[in-house]
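Engineer: Structure below; questions to follow.
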Amino acid sequence: MVAIGVALSLAVTGTEGAHLPKQVERIEPVAGATQTPAQASVVVDLVAGYEGVLVVDGLELETINLGELRDQTTPGQQVTLPPTTIYEPGNATLTFDPAPDSSITTFTQGRHVVQVIYWKTVEGRGNASAYTWSFEVF
């Protein structure tokens with residue numbers, strides 16, 4: 001019983017297990033995932049005050065600021081999201097969903113590498129850092 005208790009106390013799970021930088025709160029799919037569906041979303045949750053871009057399999061995806069999209073619509077009108085990375089400044093999240101009109105229509109079977117390049121909004125991309133992880137699609 002003591003050995004089980006010690007093992008559980010030493011176990012590394014969640015974001016701690018992914019060794020995320022302090023500016024990155026959460027990623028999806030998790031690093032090293034092996035059973036990811038082909039239509040999975042890629043999500044990066046940054047700490048407040050940061051923004052960034054996603055690079056998937058070496059391709060930097062265009063990023064659209066959701067706040068700017070809302071500013072361009074008539075009040076009460078539904079916002080149509082383009083098939084690219086959406087940055088939501090209120091939550092500091094980057095979300096990419098594969099779609100027919102997107103640069104990536106689906107994740108093919110095998111390993112995919114994602115990099116988030118992130119920076120403090122007030123400092124700009126010139127002072128960016130990056131975090132890279134991979135996942136497997138079945």
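Identifiers in the structure tokens: chain A, B, ... in order shown; residue index from 1 per chain; ligand index from 1 in order shown.
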Can you pull out every residue within 8 Å of Phe138 in chain A, counting only C-alpha atoms, but drop anything in the same chain fewer than 6 positions away, and send it as a ChimeraX atom specification?
Structural biologist: /A:34-38,109-110
Engineer: Which residues come within 12 Å of Leu46 in chain A, counting only C-alpha atoms, excluding same-chain residues fewer than 2 positions away, as an NGL selection string?
Structural biologist: :A and (20-27 or 43-44 or 48-53 or 87-95 or 116-121 or 130-131)
Engineer: Would you work out the distance separating CA of Trp133 in chain A from CA of Val55 in chain A, expressed in Å to one decimal?
Structural biologist: 10.7 Å
Engineer: How many Å separate CA of Gly67 in chain A from CA of Ala128 in chain A?
Structural biologist: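 Distance reported for this atom pair: 21.5 Å.
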Engineer: I'd like to know which of A:Asp101, A:Arg70, A:His19, A:Thr106 is closest to Gly32 in chain A, using only C-alpha atoms.
Structural biologist: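 Nearest to Gly32 in chain A: A:His19.
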Engineer: What separation in Å, quoted to one decimal, exists between CA of Glu136 in chain A and CA of Asp97 in chain A?
Structural biologist: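 Spanning CA of Glu136 in chain A to CA of Asp97 in chain A is a straight-line distance of 16.1 Å.
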Engineer: As a VMD selection string, please: every residue in range 53-110 of chain A that DSSP puts in strand (DSSP E).
Structural biologist: chain A and resid 53 to 56 59 to 60 63 to 65 85 to 88 93 to 96 110
Engineer: Please provide as a list in words all residues within 12 Å of Ser41 in chain A, with the sequence filter that same-chain residues fewer than 5 positions apart are discarded (counting only C-alpha atoms).
Structural biologist: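 Selected residues are Ile27, Glu28, Pro29, Val30, Thr36, Leu54, Val56, Pro83, Thr84, Thr85, Ile86, Leu94, Thr95, Phe96, Asp97, Pro98, Ala99, Ile104, Thr105, Thr106, Phe107, Val114, Phe135 and Val137 of chain A.
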